[in-house]
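**Student:** Structure incoming, see below.
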Amino acid sequence: MQKHPLTEQLIEAQLEFLDAEFVQPENIQQEFLSFYLWFRKQTLQDIWSFEQINHLLQKQILDTPASSFLIEQIAEHIRFALVHPVNETTRIADVIPVLTIDKIAQYVAAKSGHRQRLIKTVVNNPAFSAMITQLIQHSIQDYLDNSVMVKHVPGVSRFMKMGKSVLESVTDSSLDNTIAHYLQKNIIKLSQMSENVLNQHFNDEKLYQFQATLWHKIKDMPLSVLKNYIEVQDLPQTVSMGHEIWEHMRQSDYLKKQLHDGIHTWYVRNQARSFDLILRDINIDEALIQNELQKLLQPVIQQMINQGHLRDRARYYLEKFYYSERLQTLLNKPT
């Protein structure tokens, strides 16, 4: 492209003007604020459609796998939080308010219907039945073998063994098998008894007191006790397993449907609202723009100016403008 002296002088003059304007921080602040004041008046539906938002989020959240670097960073940040020295001097009560704990305790204790259904589910589980059966068997056997009377009263041990032998001869089975058979026949009754006992033990008042007692036991413990229950060295493995679950879920039709319908519900509720109101929902207002976000943006703009990036981009468009056929015709037109 052939350069023209007058055109180049005009371009340079405009570039110098822009440099002089944007080098002043107050001008950058004013432009940023002006953009915000315009943007906040726009409604969601004026700028973006549901389809655009849904496509973006579906692509970024569900269609794009998490990078290995991100997974490593998640594990590293969890590890950093767990081993931080401040955990040694910070109590559990310092980070969890006692009033909130009390509200939680009252809420949990009041859910008697949920609690009773949970207890019923647990006691009717075959694993629970097997555990109760074994526990009763072991308790009876332990009593027969190690009770105080057997150990300290002469003759009782021999009498107990004789009684056991008589019982086994009558039932034509070992005592252990006899007890096991009885328990298996009566497991439904035992489960019902267990359910009743658990419901009595975990009524609203007792469950509330249990939670209160537990809180008073742990509230003064340092946060570092968490390391007793979370294996720091296993974090890469545990985070990786969590990532595997997410990898499977994000590709499922279930999560795609959930995300689609969730976005649609949010969009319908907010499409006619201005961005001023939408941004306020996430605590972004004019004061934040003026006092905080501008401070973050200003160094970026300043760096663009210092490195000549803004000038290069401005020159690109000014050249397209000044060397356009129409403008060259105007510039070369006799006065």
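In the structure tokens, chains take letters A, B, ... by order of appearance, with residues numbered from 1 within each chain and ligands from 1 in the order shown.
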Stretch 78-86 of chain A: which residues within 10 Å, counting only C-alpha atoms, same-chain residues fewer than 2 positions away excluded, as a list of chain:residue names?
**Tutor:**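 Within the cut-off, the hits are A:Gln73, A:Ile74, A:Ala75, A:Glu76, A:Glu88, A:Thr89, A:Thr90, A:Arg91, A:Pro222, A:Leu223, A:Ser224, A:Val225, A:Leu226, A:Lys227, A:Ile230, A:Glu231, A:Val232, A:Gln233, A:Asp234, A:Leu235, A:Pro236, A:Val239.
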**Student:** Just write the chosen residues, N, CA and C atoms, as a CSV table (one decimal), in the first residue's frame.
**Tutor:**
```csv
chain,number,residue,atom,x,y,z
A,73,GLN,N,-4.4,-28.5,40.6
A,73,GLN,CA,-4.5,-27.3,41.4
A,73,GLN,C,-5.6,-27.4,42.5
A,74,ILE,N,-6.6,-28.1,42.2
A,74,ILE,CA,-7.7,-28.3,43.2
A,74,ILE,C,-7.1,-29.1,44.4
A,75,ALA,N,-6.4,-30.2,44.1
A,75,ALA,CA,-5.8,-31.0,45.1
A,75,ALA,C,-4.8,-30.2,45.9
A,76,GLU,N,-4.0,-29.4,45.2
A,76,GLU,CA,-3.0,-28.5,45.9
A,76,GLU,C,-3.6,-27.5,46.8
A,88,GLU,N,-3.6,-24.3,63.4
A,88,GLU,CA,-3.2,-24.7,64.7
A,88,GLU,C,-3.7,-23.8,65.8
A,89,THR,N,-3.9,-22.5,65.4
A,89,THR,CA,-4.4,-21.5,66.4
A,89,THR,C,-5.8,-21.1,66.2
A,90,THR,N,-6.5,-21.7,65.3
A,90,THR,CA,-7.9,-21.3,65.0
A,90,THR,C,-8.8,-22.4,65.5
A,91,ARG,N,-9.7,-22.1,66.3
A,91,ARG,CA,-10.7,-23.1,66.8
A,91,ARG,C,-11.8,-23.3,65.9
A,222,PRO,N,-8.7,-27.2,67.6
A,222,PRO,CA,-8.1,-26.5,66.5
A,222,PRO,C,-8.5,-27.1,65.2
A,223,LEU,N,-8.6,-26.3,64.2
A,223,LEU,CA,-9.0,-26.8,62.8
A,223,LEU,C,-8.0,-27.9,62.3
A,224,SER,N,-6.8,-27.9,62.9
A,224,SER,CA,-5.9,-28.9,62.4
A,224,SER,C,-6.3,-30.3,62.7
A,225,VAL,N,-7.3,-30.5,63.5
A,225,VAL,CA,-7.8,-31.9,63.8
A,225,VAL,C,-8.4,-32.5,62.5
A,226,LEU,N,-8.7,-31.7,61.5
A,226,LEU,CA,-9.2,-32.2,60.3
A,226,LEU,C,-8.2,-33.1,59.6
A,227,LYS,N,-7.0,-32.9,59.9
A,227,LYS,CA,-5.9,-33.8,59.3
A,227,LYS,C,-6.0,-35.2,59.8
A,230,ILE,N,-8.7,-36.6,57.2
A,230,ILE,CA,-8.5,-36.4,55.8
A,230,ILE,C,-7.0,-36.7,55.5
A,231,GLU,N,-6.7,-37.7,54.8
A,231,GLU,CA,-5.3,-38.1,54.5
A,231,GLU,C,-4.8,-37.1,53.4
A,232,VAL,N,-3.9,-36.2,53.9
A,232,VAL,CA,-3.4,-35.2,53.0
A,232,VAL,C,-2.6,-35.8,51.8
A,233,GLN,N,-1.8,-36.9,52.1
A,233,GLN,CA,-1.0,-37.5,51.1
A,233,GLN,C,-1.9,-38.2,50.0
A,234,ASP,N,-3.1,-38.5,50.4
A,234,ASP,CA,-4.0,-39.2,49.4
A,234,ASP,C,-4.9,-38.2,48.6
A,235,LEU,N,-4.7,-36.9,48.8
A,235,LEU,CA,-5.5,-35.9,48.1
A,235,LEU,C,-5.5,-36.1,46.6
A,236,PRO,N,-4.3,-36.2,46.0
A,236,PRO,CA,-4.3,-36.4,44.5
A,236,PRO,C,-5.2,-37.6,44.1
A,239,VAL,N,-9.1,-36.6,45.0
A,239,VAL,CA,-9.6,-35.6,44.0
A,239,VAL,C,-9.7,-36.2,42.6
```
**Student:** Using only C-alpha atoms, which protein or nucleic acid residues come within 9 Å of A:His264? Drop anything in the same chain fewer than 4 positions from it, and give the result as a list in words.
**Tutor:**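 These residues fall inside the cut-off: Phe50, Glu51, Asn54, Leu259, His260, Val268 and Arg269 of chain A.
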**Student:** Determine the nearest neighbour of A:Gln2 from the options A:Tyr323, A:Tyr316, A:Phe35, A:Trp246, counting only C-alpha atoms.
**Tutor:**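 Ranked by minimum distance to A:Gln2, first place goes to A:Tyr323.
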**Student:** Take atom CA of A:Met249 and atom CA of A:Glu72 and report the distance between them in Å, one decimal.
**Tutor:** 19.8 Å
**Student:** Skip A:Phe321 itself and residues of its chain fewer than 5 positions away, then list as a list in words all residues within 12 Å of it, counting only C-alpha atoms.
**Tutor:**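 My list of contacting residues is Thr7, Glu8, Leu10, Ile11, Ala314, Arg315, Tyr316, Arg326, Leu327, Gln328, Leu330 and Leu331 of chain A.
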**Student:** If you run DSSP over the backbone, which residues in stretch 120-326 of chain A end up alpha helix (DSSP H)? Put them as a PyMOL selection string.
**Tutor:** chain A and resi 120-123+126-146+148-152+156-171+175-185+187-201+204-218+235-250+253-270+275-281+286-288+294-306+309-322+325-326
**Student:** Please write the residues from the selection above to a file, keeping C-alpha atoms, as a compact mmCIF listing (two decimals), in the first residue's frame.
**Tutor:**
```
# COMPACT_ATOMS: atom_id res chain seq x y z
CA LYS A 120 -36.57 -48.04 59.40
CA THR A 121 -34.46 -48.28 56.25
CA VAL A 122 -31.32 -49.05 58.24
CA VAL A 123 -32.78 -51.69 60.57
CA PRO A 126 -29.86 -57.30 55.59
CA ALA A 127 -26.44 -56.01 56.63
CA PHE A 128 -27.93 -54.55 59.82
CA SER A 129 -29.77 -57.80 60.54
CA ALA A 130 -26.57 -59.81 60.10
CA MET A 131 -24.67 -57.43 62.38
CA ILE A 132 -27.30 -57.66 65.13
CA THR A 133 -27.40 -61.45 64.87
CA GLN A 134 -23.63 -61.75 65.21
CA LEU A 135 -23.53 -59.23 68.04
CA ILE A 136 -26.14 -61.14 70.08
CA GLN A 137 -24.42 -64.46 69.42
CA HIS A 138 -21.03 -63.15 70.48
CA SER A 139 -22.51 -61.49 73.57
CA ILE A 140 -24.18 -64.73 74.72
CA GLN A 141 -21.06 -66.77 74.06
CA ASP A 142 -18.90 -64.21 75.84
CA TYR A 143 -21.23 -64.30 78.85
CA LEU A 144 -21.10 -68.08 79.01
CA ASP A 145 -17.33 -68.10 78.79
CA ASN A 146 -16.32 -65.03 80.77
CA VAL A 148 -18.04 -63.20 86.81
CA MET A 149 -19.87 -66.22 88.20
CA VAL A 150 -18.08 -68.60 85.84
CA LYS A 151 -14.70 -67.23 86.84
CA HIS A 152 -15.14 -66.78 90.59
CA VAL A 156 -20.50 -72.76 88.09
CA SER A 157 -18.25 -73.24 85.07
CA ARG A 158 -18.81 -77.01 85.14
CA PHE A 159 -22.54 -76.47 85.65
CA MET A 160 -22.72 -74.09 82.68
CA LYS A 161 -20.88 -76.54 80.46
CA MET A 162 -23.18 -79.34 81.57
CA GLY A 163 -26.24 -77.22 80.81
CA LYS A 164 -24.84 -76.39 77.42
CA SER A 165 -24.25 -80.10 76.69
CA VAL A 166 -27.79 -80.99 77.76
CA LEU A 167 -29.25 -78.27 75.54
CA GLU A 168 -27.18 -79.44 72.60
CA SER A 169 -28.23 -83.07 73.10
CA VAL A 170 -31.92 -82.12 73.26
CA THR A 171 -31.80 -79.85 70.19
CA LEU A 175 -25.53 -74.02 71.09
CA ASP A 176 -24.17 -71.56 68.54
CA ASN A 177 -26.32 -73.06 65.80
CA THR A 178 -29.36 -73.12 68.07
CA ILE A 179 -28.98 -69.44 68.92
CA ALA A 180 -28.34 -68.57 65.28
CA HIS A 181 -31.45 -70.47 64.21
CA TYR A 182 -33.56 -68.68 66.82
CA LEU A 183 -32.25 -65.29 65.80
CA GLN A 184 -32.87 -65.95 62.11
CA LYS A 185 -36.45 -66.99 62.82
CA ILE A 187 -35.01 -61.37 62.97
CA ILE A 188 -38.11 -59.39 61.96
CA LYS A 189 -39.11 -59.06 65.61
CA LEU A 190 -35.54 -58.10 66.53
CA SER A 191 -35.49 -55.48 63.77
CA GLN A 192 -38.75 -54.01 65.03
CA MET A 193 -37.37 -53.94 68.57
CA SER A 194 -34.22 -52.24 67.30
CA GLU A 195 -36.31 -49.69 65.43
CA ASN A 196 -38.35 -48.90 68.54
CA VAL A 197 -35.25 -48.59 70.72
CA LEU A 198 -33.51 -46.29 68.21
CA ASN A 199 -36.59 -44.10 67.84
CA GLN A 200 -36.85 -43.80 71.62
CA HIS A 201 -33.16 -43.05 71.96
CA ASP A 204 -36.32 -34.82 69.16
CA GLU A 205 -35.06 -33.76 72.58
CA LYS A 206 -32.35 -36.42 72.93
CA LEU A 207 -31.06 -35.83 69.41
CA TYR A 208 -30.87 -32.09 70.06
CA GLN A 209 -28.98 -32.70 73.30
CA PHE A 210 -26.65 -35.13 71.53
CA GLN A 211 -25.76 -32.50 68.94
CA ALA A 212 -25.30 -29.85 71.63
CA THR A 213 -23.01 -32.14 73.61
CA LEU A 214 -21.00 -32.99 70.51
CA TRP A 215 -20.59 -29.29 69.69
CA HIS A 216 -19.31 -28.50 73.18
CA LYS A 217 -16.76 -31.30 72.84
CA ILE A 218 -15.35 -30.13 69.52
CA LEU A 235 -5.54 -35.94 48.11
CA PRO A 236 -4.32 -36.42 44.52
CA GLN A 237 -6.00 -39.83 44.49
CA THR A 238 -9.25 -38.75 46.18
CA VAL A 239 -9.58 -35.61 44.03
CA SER A 240 -8.91 -37.76 40.98
CA MET A 241 -11.73 -40.12 41.97
CA GLY A 242 -14.04 -37.13 42.37
CA HIS A 243 -12.95 -36.01 38.91
CA GLU A 244 -13.85 -39.42 37.49
CA ILE A 245 -17.37 -39.07 38.90
CA TRP A 246 -17.68 -35.60 37.36
CA GLU A 247 -16.35 -36.83 34.01
CA HIS A 248 -19.10 -39.43 33.89
CA MET A 249 -21.83 -37.06 35.09
CA ARG A 250 -21.00 -34.22 32.70
CA ASP A 253 -28.20 -36.81 29.46
CA TYR A 254 -29.38 -36.24 33.03
CA LEU A 255 -26.97 -33.38 33.72
CA LYS A 256 -27.48 -31.88 30.26
CA LYS A 257 -31.22 -31.75 30.93
CA GLN A 258 -30.72 -30.31 34.42
CA LEU A 259 -28.40 -27.57 33.15
CA HIS A 260 -30.66 -26.75 30.19
CA ASP A 261 -33.79 -26.45 32.32
CA GLY A 262 -31.99 -24.57 35.09
CA ILE A 263 -30.66 -21.97 32.64
CA HIS A 264 -34.06 -21.68 30.98
CA THR A 265 -35.81 -21.11 34.31
CA TRP A 266 -33.28 -18.44 35.28
CA TYR A 267 -33.51 -16.77 31.87
CA VAL A 268 -37.32 -16.60 31.90
CA ARG A 269 -37.23 -14.98 35.34
CA ASN A 270 -34.57 -12.44 34.40
CA PHE A 275 -28.27 -5.70 34.13
CA ASP A 276 -28.27 -3.18 36.96
CA LEU A 277 -30.62 -5.48 38.89
CA ILE A 278 -28.97 -8.70 37.73
CA LEU A 279 -25.52 -7.45 38.75
CA ARG A 280 -26.85 -6.31 42.11
CA ASP A 281 -27.90 -9.92 42.72
CA GLU A 286 -21.76 1.42 40.80
CA ALA A 287 -19.71 1.83 43.96
CA LEU A 288 -17.85 -1.41 43.27
CA GLN A 294 -11.60 0.30 37.80
CA LYS A 295 -8.45 -0.24 39.84
CA LEU A 296 -8.16 -3.71 38.35
CA LEU A 297 -8.81 -2.52 34.80
CA GLN A 298 -6.59 0.56 34.83
CA PRO A 299 -3.24 -1.32 34.97
CA VAL A 300 -4.38 -3.44 32.02
CA ILE A 301 -5.14 -0.38 29.89
CA GLN A 302 -1.93 1.27 31.05
CA GLN A 303 0.09 -1.77 30.03
CA MET A 304 -1.60 -1.80 26.62
CA ILE A 305 -0.54 1.83 26.16
CA ASN A 306 3.01 1.34 27.44
CA HIS A 309 -0.61 -2.46 21.72
CA LEU A 310 -3.41 0.12 21.84
CA ARG A 311 -1.54 2.36 19.40
CA ASP A 312 -0.98 -0.54 16.97
CA ARG A 313 -4.65 -1.50 17.00
CA ALA A 314 -5.73 2.12 16.58
CA ARG A 315 -3.32 2.54 13.65
CA TYR A 316 -4.75 -0.58 11.98
CA TYR A 317 -8.26 0.88 11.87
CA LEU A 318 -7.14 4.45 11.14
CA GLU A 319 -5.19 3.22 8.12
CA LYS A 320 -8.24 1.32 6.88
CA PHE A 321 -10.24 4.52 7.29
CA TYR A 322 -7.80 7.04 5.83
CA GLU A 325 -11.19 4.95 -1.51
CA ARG A 326 -13.84 7.35 -0.33
```
**Student:** Do a neighbour search on A:Gln290 at 9 Å with only C-alpha atoms, toss out local chain neighbours closer than 5 positions, and write the hits as a PDB file with N, CA and C atoms, in the first residue's frame.
**Tutor:**
```pdb
ATOM      1  N   GLN A  29     -10.929   5.913  33.657  1.00  0.00           N
ATOM      2  CA  GLN A  29     -11.984   5.704  34.643  1.00  0.00           C
ATOM      3  C   GLN A  29     -13.334   6.177  34.111  1.00  0.00           C
ATOM      4  N   PHE A  32     -14.676   3.786  31.410  1.00  0.00           N
ATOM      5  CA  PHE A  32     -15.144   2.532  31.994  1.00  0.00           C
ATOM      6  C   PHE A  32     -16.478   2.741  32.699  1.00  0.00           C
ATOM      7  N   LEU A  33     -16.589   3.835  33.436  1.00  0.00           N
ATOM      8  CA  LEU A  33     -17.832   4.134  34.137  1.00  0.00           C
ATOM      9  C   LEU A  33     -18.959   4.417  33.147  1.00  0.00           C
ATOM     10  N   ASP A 285     -22.274  -3.251  42.028  1.00  0.00           N
ATOM     11  CA  ASP A 285     -23.014  -2.006  41.847  1.00  0.00           C
ATOM     12  C   ASP A 285     -22.054  -0.902  41.417  1.00  0.00           C
ATOM     13  N   LYS A 295      -9.844  -0.081  39.418  1.00  0.00           N
ATOM     14  CA  LYS A 295      -8.451  -0.241  39.842  1.00  0.00           C
ATOM     15  C   LYS A 295      -7.831  -1.490  39.220  1.00  0.00           C
TER      16      LYS A 295
END
```
**Student:** Would you please work out which residue, of A:Asn228, A:Gln251, A:Asn291, A:Asn203, is nearest to A:Lys59 when using only C-alpha atoms?
**Tutor:**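 Nearest candidate to A:Lys59 out of A:Asn228, A:Gln251, A:Asn291, A:Asn203: A:Gln251.
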